[in-house]
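J.: What follows is a structure written as structure tokens; I'll ask about it next.
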Amino acid sequence: MTETAVETTGPGDDDGPASGAARRSRRDLALLVMPGAVLVLLLLALSTRNPDLLSPDSLLAIADSAAPLMVLAIGVTVVILCGGIDLSIAALAALSSVLFAMWIPLFGAAAAVPVIAVAALAGAVQGLVHVKAKVNSFIVTLGGLALWSGIALVISGARTVPVSDVDAIRWAFTTVAGLPSAVLIALGAVVVLGSVLRLTPAGRWVRAVGHAEQAARLAGIPVGAVKVAAFTTSGACAGLAGVLLVARTFSGAPSLGATLLLPAVAAVVVGGTAITGGFGGIGRTVIGALIVIVLRVGLSLIGVDAGFESIIYGVLIIGAVAVTIDRTKLDVLK
Amino acid sequence: MSNHAPIAPDASRSTAPVLAVRGLTKRYPGVLALDGMVLEVRPREVVGLIGENGAGKSTLLKSLVGLAQPDSGSIVVRGEEVRLRGVAHAASVGIGMVFQEQSLVPNISVAENILLGAEGAGVRGGLFRWHRMAELAQVQLDKIGSAVSPRARTDSLTFAQRQMVEVAKVLALEERTAHEPVVLLDEPTSVLEREEVETLFAQVRRLRERASVVFVSHRLDEVLEISDRVYVLRNGRVVAEVDPAEVDATDLHHLLVGRESTGSHYHDDAQQEPAGDVRLSVRELQTAGCDKVSFEIRSGEVLGVAGVQGSGREELCRALFGAMPGARGQVLLDGRPLRLDSPRAAVLAGVGYVPSERRTEGVVSSMSVTENLSMAHVGTVCRGPLIDGRRERELVDTWVRRLGIRTPSGDTAIGTLSGGNQQKVVLARWMVSEGLRLLILDHPTRGLDVGAKSEVYELIRELAASGCAVLLLSDTLEEALAMSHRVLVMKDGRITACLDAPRGGKPDPVAIMEAMV
């Protein structure tokens with residue numbers, strides 16, 4: 001118990017860097033292990049109810065249904081790592097689903113490409129407004145949320161747009177070597193984004209900006225460009241998520257996004273990425289997204305009313321942030 | 001709380017201390033900020049505290065108002081040991097501080113600020129009684145004879161006026177605690193004009209009629225002028241207690257710097273004559289706080305910039321690094337125009353910048369030593385688009401060895417290192433680039449211990465010898481003189497003097513001081 005003794009005699013808010021860092025590294029370790037442990041425990045607990053849950057088929061089905069959410073969540077992870085937030089992702093995914101369904105007659109299977117490009121552009125515009133006009137990312141993307149869902153409603157006539165040619169989207173709901181293609185696509189996105197964040201200077205810059213923006217700027221890191229790139233990435237991921245959603249429902253729907261924002265943000269914070277920026281990563285969000293989906297599956301398994309889902313997301317987000325937040329970095333809470 | 005009777009004016013030389021500090025020790029990682037500090041403050045006296053940066057002044061003050069918790073030792077107020085939990089607790093025992101960076105709320109009235117948190121009769125039924133508030137505040141303002149209106153909005157006052165309001169606020173402790181308060185003044189003169197300093201001193205002398213004052217400053221002449229007794233602090237200890245009547249500034253200076261104030265500390269022998277061409281040419285640089293500044297630095301030259309706070313020298317540094325929005329002027333680096341609107345562009349042009357706020361602006365403290373070291377020039381360890389982990393480790397190992405950076409490993413979070421080692425990483429961040437042409441050092445030795453300072457000086461000498469131009473802002477005049485080939489003096493955003501400082505022919509500090517203030 002020497003460690004605890006040192007801590008309690010230690011200073012209060014005037015913490016020296018090392019004791020703070022020691023505490024932080026213990027926290028980091030806990031944050032590394034905890035989400036995985038939660039996921040495993042959750043699966044084990046649910047398997048007592050339904051032993052079939054742990055069969056390969058059912059696990060693949062869970063992964064398949066998690067794919068759109070996972071893609072959406074890894075995108076917003078990049079923005080959150082920069083210290084920002086993107087609330088527009090779900091609305092942008094809904095708009096993308098509508099655009100995809102409408103453009104299939106024009107472009108066929110290739111319609112996914114312009115859809116993702118448009119979504120990336122929308123993200124880039126939000127990033128530019130955030131950086132150039134110096135408007136909070138919270139506000140810019142809250143405005144974006146209204147804007148993109150509005151556009152989706154207008155161009156779809158507020159109706160679901162059915163896919164005219166199911167063959168054109170078959171690539172997104174087929175199986176390859178026994179694995180659902182949506183899972184493979186999501187994994188591809190995870191590997192690409194994860195590699196960029198882990199192996200390239202850009203990934204370094206994202207974390208530096210999230211941890212200490214001013215220090216990053218004064219080290220010559222192009223802070224503005226990093227942020228715009230993060231929002232562009234988030235937009236592109238929302239576009240891809242929209243495409244994957246169409247492949248699940250065979251239609252584009254302007255309302256599709258309404259129920260996706262909360263679970264996506266929940267996936268990020270439950271995975272252990274700090275909402276204050278800098279700390280976390282794509283792998284954590286993958287675990288977080290799986291937790292959210294398994295929870296959803298579990299709730300229907302034990303017969304909980306769907307209305308409770310939202311309640312659980314709300315509690316989950318607040319609880320996860322309360323557990324993960326690095327209070328040594330907080331001076332003023334707004 | 002105390003059995004002592006209120007002290008009569010003629011007892012002002014009483015030796016029973018109102019405040020005693022006994023063996024106070026406070027350790028931060030890598031730094032022993034307070035090392036068995038012992039001192040006392042008697043009724044109605046002005047105690048001066050002097051010491052260089054890192055001597056322990058600010059940690060001591062923080063401890064006295066409960067903002068830092070000492071590791072050991074005790075604080076005794078009027079004979080009773082106290083363990084201060086915060087500013088409010090310190091106030092309740094009669095200790096108040098006038099903060100250097102000021103702590104008033106700008107958008108409310110003077111009266112509200114003075115009575116903040118202790119409105120008393122100024123509030124009834126949850127509502128302000130503005131007349132009563134103004135009267136109560138006026139009582140405090142009258143104590144120091146201030147002409148400031150209690151109804152004035154605080155942000156409409158000058159800095160000096162706001163400082164007086166803070167003093168009045170602290171004096172309100174008198175009624176609240178039924179004791180004469182102890183007023184801590186933390187570097188109160190650092191941003192004041194000379195005549196404002198005079199006014200402040202008149203106030204301090206008035207204060208002595210009703211309170212004890214602890215006056216902290218790094219300006220020796222001021223401390224000697226105002227104090228009844230002076231403690232000299234060095235490395236977290238009191239190294240001398242002196243009577244201002246018996247010493248002069250030179251004596252204090254020797255006490256302050258100790259024996260380290262010799263040539264080898266600054267590596268004087270390593271100062272070489274700059275042989276290169278003009279590296280940086282600045283013509284009519286204009287930015288907030290900096291008015292049409294023109295100068296040149298040659299390759300291999302260390303140019304010191306001296307000036308008090310508000311002289312514009314910090315802004316000058318930032319503007320050259322592209323970190324002052326709106327900076328204008330013609331700046332040529334090796335004959336090529338330097339953009340003034342982006343730190344990124346400055347870095348790519350071969351400029352490096354070591355900011356004075358190391359913990360918030362210099363390092364990303366949660367990231368590793370490796371990541372911090374390669375941060376500015378990570379491109380040099382990339383293979384294609386990816387960071388080559390092995391090359392990066394080699395680079396970091398090389399610099400860790402070369403600069404003697406003491407770290408458990410490259411993966412250690414930089415925030416856990418001592419200040420000196422953090423600073424060496426920040427210096428290495430720029431030195432890794434072979435294209436480094438100009439290094440801007442804003443107080444590079446701030447908060448470092450003596451040994452670490454000397455190592456930083458050695459690095460600066462090496463950099464200059466390799467042909468890099470160095471712009472140096474120093475904490476002390478002594479450092480600026482010792483390290484520089486030339487010293488520019490700035491005052492109110494303009495250059496007021498430029499003196500050559502060759503090896504063995506350093507100018508008189510007095511001449512520089514005259515141009516500074």
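In the structure tokens, the first chain shown is A, the next is B, and so on; residue numbers restart at 1 for each chain, and ligands run from 1 in the order shown.
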Skipping near chain neighbours, those fewer than 6 positions away, what residues fall within 12 Å of Leu477 in chain B using only C-alpha atoms, listed as a PyMOL selection string?
T.: chain B and resi 52+218-219+253+304-308+443+483-484+487-489+506-513+516
J.: Residues of range 116-322 of chain A in helix (DSSP H, G or I) according to DSSP, as a ChimeraX atom specification?
T.: /A:116-132,137-156,166-172,181-199,201-211,213-218,223-249,256-259,261-271,282-301,307-322
J.: Enumerate, as a compact mmCIF listing (two decimals) with C-alpha atoms, in the first residue's frame, the complete set of residues in range 268-461 of chain B that a backbone-based DSSP assignment places in strand (DSSP E or B).
T.:
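So the final result, stored in part13.txt, reads:
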```txt
# COMPACT_ATOMS: atom_id res chain seq x y z
CA VAL B 278 24.04 38.36 -42.37
CA ARG B 279 21.61 35.53 -41.75
CA LEU B 280 18.50 37.32 -40.59
CA SER B 281 17.60 40.81 -41.63
CA VAL B 282 14.57 42.41 -40.04
CA ARG B 283 13.23 45.70 -41.44
CA GLU B 284 10.46 47.64 -39.74
CA LEU B 285 8.78 44.66 -38.12
CA GLN B 286 5.41 45.71 -36.84
CA THR B 287 3.12 43.70 -34.59
CA CYS B 290 6.40 45.80 -31.32
CA ASP B 291 6.87 49.03 -33.23
CA LYS B 292 8.97 49.13 -36.42
CA VAL B 293 11.86 47.06 -35.16
CA SER B 294 14.89 46.65 -37.42
CA PHE B 295 18.03 44.61 -36.79
CA GLU B 296 20.27 41.93 -38.23
CA ILE B 297 21.82 38.74 -36.96
CA ARG B 298 24.87 37.18 -38.56
CA VAL B 302 24.04 35.08 -30.54
CA LEU B 303 21.93 38.20 -30.29
CA GLY B 304 20.55 38.83 -26.83
CA VAL B 305 17.41 40.92 -26.42
CA ALA B 306 17.04 42.64 -23.08
CA ARG B 328 4.10 42.87 -40.89
CA GLY B 329 7.53 43.86 -42.06
CA GLN B 330 10.32 42.80 -44.35
CA VAL B 331 12.16 39.84 -42.89
CA LEU B 332 14.87 38.12 -44.92
CA LEU B 333 16.43 34.82 -43.94
CA ARG B 336 14.94 35.07 -48.90
CA PRO B 337 11.71 36.62 -47.59
CA VAL B 351 13.71 28.54 -38.07
CA GLY B 352 13.34 26.93 -34.65
CA TYR B 353 11.58 28.32 -31.58
CA VAL B 354 11.88 27.33 -27.94
CA SER B 368 6.90 10.28 -25.46
CA CYS B 382 10.37 8.62 -42.74
CA ARG B 383 10.65 5.98 -45.38
CA LEU B 386 5.64 5.91 -43.06
CA ILE B 387 7.72 6.68 -40.01
CA ALA B 413 6.23 10.37 -21.40
CA LEU B 438 17.95 30.54 -36.89
CA LEU B 439 17.01 29.41 -33.41
CA ILE B 440 14.81 31.65 -31.30
CA LEU B 441 15.19 30.98 -27.58
CA ASP B 442 12.56 32.54 -25.33
```
J.: May I have the residues of chain B within 9 Å of chain A, counting only C-alpha atoms, written as a PyMOL selection string?
T.: chain B and resi 27-30+67-71+321+323+342-348+352-355+358-367+371-372+375-379+382+385-389+413+415-418+429-430
J.: Got time to write the residues from that selection, C-alpha atoms, as a short mmCIF file (atom, residue, chain, number, x, y, z; two decimals), in the first residue's frame?
T.:
```
data_model
loop_
_atom_site.label_atom_id
_atom_site.label_comp_id
_atom_site.auth_asym_id
_atom_site.auth_seq_id
_atom_site.Cartn_x
_atom_site.Cartn_y
_atom_site.Cartn_z
CA ARG B 27 9.57 18.35 -4.07
CA TYR B 28 8.46 18.36 -7.67
CA PRO B 29 9.81 15.70 -10.00
CA GLY B 30 13.43 16.55 -10.69
CA LEU B 67 -2.27 26.48 -3.44
CA ALA B 68 0.62 24.08 -2.91
CA GLN B 69 0.79 21.46 -0.21
CA PRO B 70 4.29 21.14 1.27
CA ASP B 71 5.73 17.65 1.68
CA PHE B 321 8.28 32.49 -35.89
CA ALA B 323 2.98 32.97 -34.41
CA SER B 342 2.66 30.46 -40.17
CA PRO B 343 4.97 28.64 -37.75
CA ARG B 344 4.94 25.76 -40.24
CA ALA B 345 6.41 27.99 -42.93
CA ALA B 346 9.06 29.24 -40.50
CA VAL B 347 10.06 25.68 -39.59
CA LEU B 348 10.33 24.71 -43.25
CA GLY B 352 13.34 26.93 -34.65
CA TYR B 353 11.58 28.32 -31.58
CA VAL B 354 11.88 27.33 -27.94
CA PRO B 355 8.95 28.92 -26.10
CA ARG B 358 7.77 24.84 -21.58
CA ARG B 359 5.01 22.75 -20.06
CA THR B 360 2.16 24.13 -22.14
CA GLU B 361 3.88 25.30 -25.32
CA GLY B 362 7.24 23.59 -25.48
CA VAL B 363 6.44 19.94 -24.99
CA VAL B 364 3.39 17.76 -25.52
CA SER B 365 3.74 16.32 -22.05
CA SER B 366 1.59 13.22 -22.54
CA MET B 367 3.60 12.12 -25.56
CA GLU B 371 7.69 11.73 -30.35
CA ASN B 372 8.54 15.12 -28.89
CA MET B 375 8.08 16.30 -33.79
CA ALA B 376 9.26 19.21 -35.93
CA HIS B 377 11.33 17.25 -38.43
CA VAL B 378 9.68 13.84 -38.44
CA GLY B 379 10.16 13.77 -42.22
CA CYS B 382 10.37 8.62 -42.74
CA PRO B 385 4.90 7.92 -46.21
CA LEU B 386 5.64 5.91 -43.06
CA ILE B 387 7.72 6.68 -40.01
CA ASP B 388 10.66 4.30 -39.91
CA GLY B 389 10.69 3.19 -36.30
CA ALA B 413 6.23 10.37 -21.40
CA GLY B 415 6.15 15.15 -18.78
CA THR B 416 7.79 12.82 -16.27
CA LEU B 417 11.30 14.18 -16.94
CA SER B 418 12.87 17.05 -15.06
CA ARG B 429 13.94 18.88 -31.70
CA TRP B 430 15.46 21.79 -33.64
#
```
